[in-house]
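The block underneath contains the structure these notes are about, expressed in structure tokens.
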Amino acid sequence: MPELPEVETIRCGLAPLIVGQQIERVVVRTPSLRWPIPSKLSRVLRGQAVLAIERRAKYLVFRLPNGNVIMHLGMSGQLRLRRGYEPPGRHDHVDIFFKNGNCLRFRDPRRFGSILWSPTDPLAHPLIVKSGPEPLSTALHGLYLYGRSRGRRVSVKQFIMDQRVVSGIGNIYANEALFAARIHPVTPAGRLSLRRYQHLVAAIKKTLRKAIAAGGTTTRDFHDESGQAGYFQLKLQVYGRGNKPCFVCGATVRQIRNGQRSTFYCPRCQR
DNA sequence: AATCGCGCCTGACGGC
DNA sequence: TGCCGTCAGGCGCGAT
């Protein structure tokens with residue numbers, strides 16, 4: 001499930017290969033994603049050159065002279081760039097053919113992803129404008145989370161997964177960052193001290209940076225733009241490790257449900 | 001305003 | 001073998 005590090009990995013891999021390239025044509029086979037792909041997408045993209053690829057939260061933004069493509073990979077979205085033609089599979093929903101002979105293919109078995117068109121400022125798009133600060137920017141700091149959390153009774157894990165509070169953190173990295181910060185995931189957000197939020201922010205940044213450096217986390221669904229799986233999975237401390245021994249203290253990692261999400265933590269390390 | 005739970009969607013997997 | 005239920009989960013939305 002692509003979270004910020006996976007989307008960033010895709011962006012970095014894709015940028016040198018398609019920035020500056022001109023789009024020849026676009027084939028939309030399945031318009032019914034999370035939201036319908038705009039019927040004009042093929043028309044507006046034809047002949048345009050990609051000026052830049054940016055990332056905001058978990059969204060990819062393709063800058064073009066006449067507007068912007070906003071893409072979200074949802075749970076199972078993949079992007080692959082390959083040379084020449086390959087017959088599309090059942091879940092290969094969109095092809096973007098470039099004049100240099102490459103094809104960017106969007107594949108998404110669960111179709112929770114989305115591809116939208118924004119003729120104006122994409123950062124002002126309703127889906128993006130409410131996103132919280134980028135976790136790796138200076139806008140995310142301990143005092144910010146502390147302030148936003150006052151009076152909040154939701155668990156700290158749900159709190160940091162709220163994209164309006166801070167963007168880009170999904171279930172995997174929420175679990176990992178809370179482990180790194182030694183904070184129990186179910187602690188009410190409003191009950192944590194400023195000092196503990198400072199530790200948490202440091203842990204979030206460190207966890208995300210390491211994941212980006214490693215090229216994202218391998219899951220069933222994630223592949224980067226070349227189809228390569230990430231290899232951060234080897235380093236996951238708690239996610240997916242229910243009933244296994246904590247790498248730090250040996251206690252049994254617990255798996256619970258919190259806010260309808262699988263939650264993993266070490267009952268001895270995290271308080 | 002904050003919180004809760006639903007629904008979208010498919011594939012993997014376990015049980016019978 | 002095959003069928004069925006459950007789980008995985010990002011995120012907007014409606015209800016409370």
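Residues in the structure tokens are numbered from 1 in each chain, the chains being A, B, ... in the order shown, and ligands are numbered from 1 in the order shown.
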> Within 10 Å of chain C, which residues of chain A show up when using only C-alpha atoms (C1' of nucleotides), listed as an NGL selection string?
Replying inline: :A and (1-3 or 34 or 58 or 72-76 or 112-113 or 127 or 162-163 or 170-171 or 220 or 260-262)
Could you make a table, as a tab-separated table, of the residues of chain B that have an atom within 8 Å of an atom of chain A, each with its nearest atom pair and distance in Å to one decimal, counting only C-alpha atoms (C1' of nucleotides), in chain and number order?
residue	atom	partner	partner_atom	distance
B:DA2	C1'	A:Arg152	CA	7.8
B:DT3	C1'	A:Val154	CA	7.9
B:DC8	C1'	A:Phe112	CA	7.2
B:DC9	C1'	A:Arg110	CA	4.4
B:DT10	C1'	A:Arg110	CA	5.1
Since we have the selection now, will you write its residues out, keeping C-alpha atoms (C1' of nucleotides), as a PDB file, in the first residue's frame?
ATOM      1  C1'  DA B   2     -15.045  15.146  16.858  1.00  0.00           C
ATOM      2  C1'  DT B   3     -15.857  10.484  16.228  1.00  0.00           C
ATOM      3  C1'  DC B   8     -15.584   0.822  -2.606  1.00  0.00           C
ATOM      4  C1'  DC B   9     -12.628  -3.519  -4.823  1.00  0.00           C
ATOM      5  C1'  DT B  10      -9.876  -7.817  -5.722  1.00  0.00           C
TER       6       DT B  10
END
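DSSP secondary structure from the backbone places A:Met71, A:His72, A:Gln78, A:Leu79, A:Arg80, A:Leu81, A:Arg82, A:Arg83, A:Asp92, A:His93, A:Val94, A:Asp95, A:Ile96, A:Phe97, A:Phe98, A:Asn102, A:Cys103, A:Leu104, A:Arg105, A:Phe106, A:Arg107, A:Ser114, A:Ile115, A:Leu116, A:Trp117, A:Ser118 of region 71-179 of chain A in strand (DSSP E).
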> Quick one: DSSP helix (DSSP H, G or I) residues in region 34-134 of chain A, as a ChimeraX atom specification?
Replying inline: /A:41-45,122-124,126-129
Written selection (C-alpha atoms) as a compact mmCIF listing (two decimals), in the first residue's frame:
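Contents of the output file result18.txt:
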# COMPACT_ATOMS: atom_id res chain seq x y z
CA LEU A 41 -8.12 13.02 -20.13
CA SER A 42 -6.95 11.46 -23.37
CA ARG A 43 -7.77 14.59 -25.31
CA VAL A 44 -6.06 17.07 -23.00
CA LEU A 45 -2.92 14.97 -22.64
CA PRO A 122 -3.25 21.25 -8.50
CA LEU A 123 -2.29 22.07 -4.92
CA ALA A 124 -5.59 23.93 -4.65
CA PRO A 126 -10.10 19.85 -3.06
CA LEU A 127 -8.42 16.49 -2.51
CA ILE A 128 -5.02 18.03 -1.88
CA VAL A 129 -5.67 21.41 -0.36
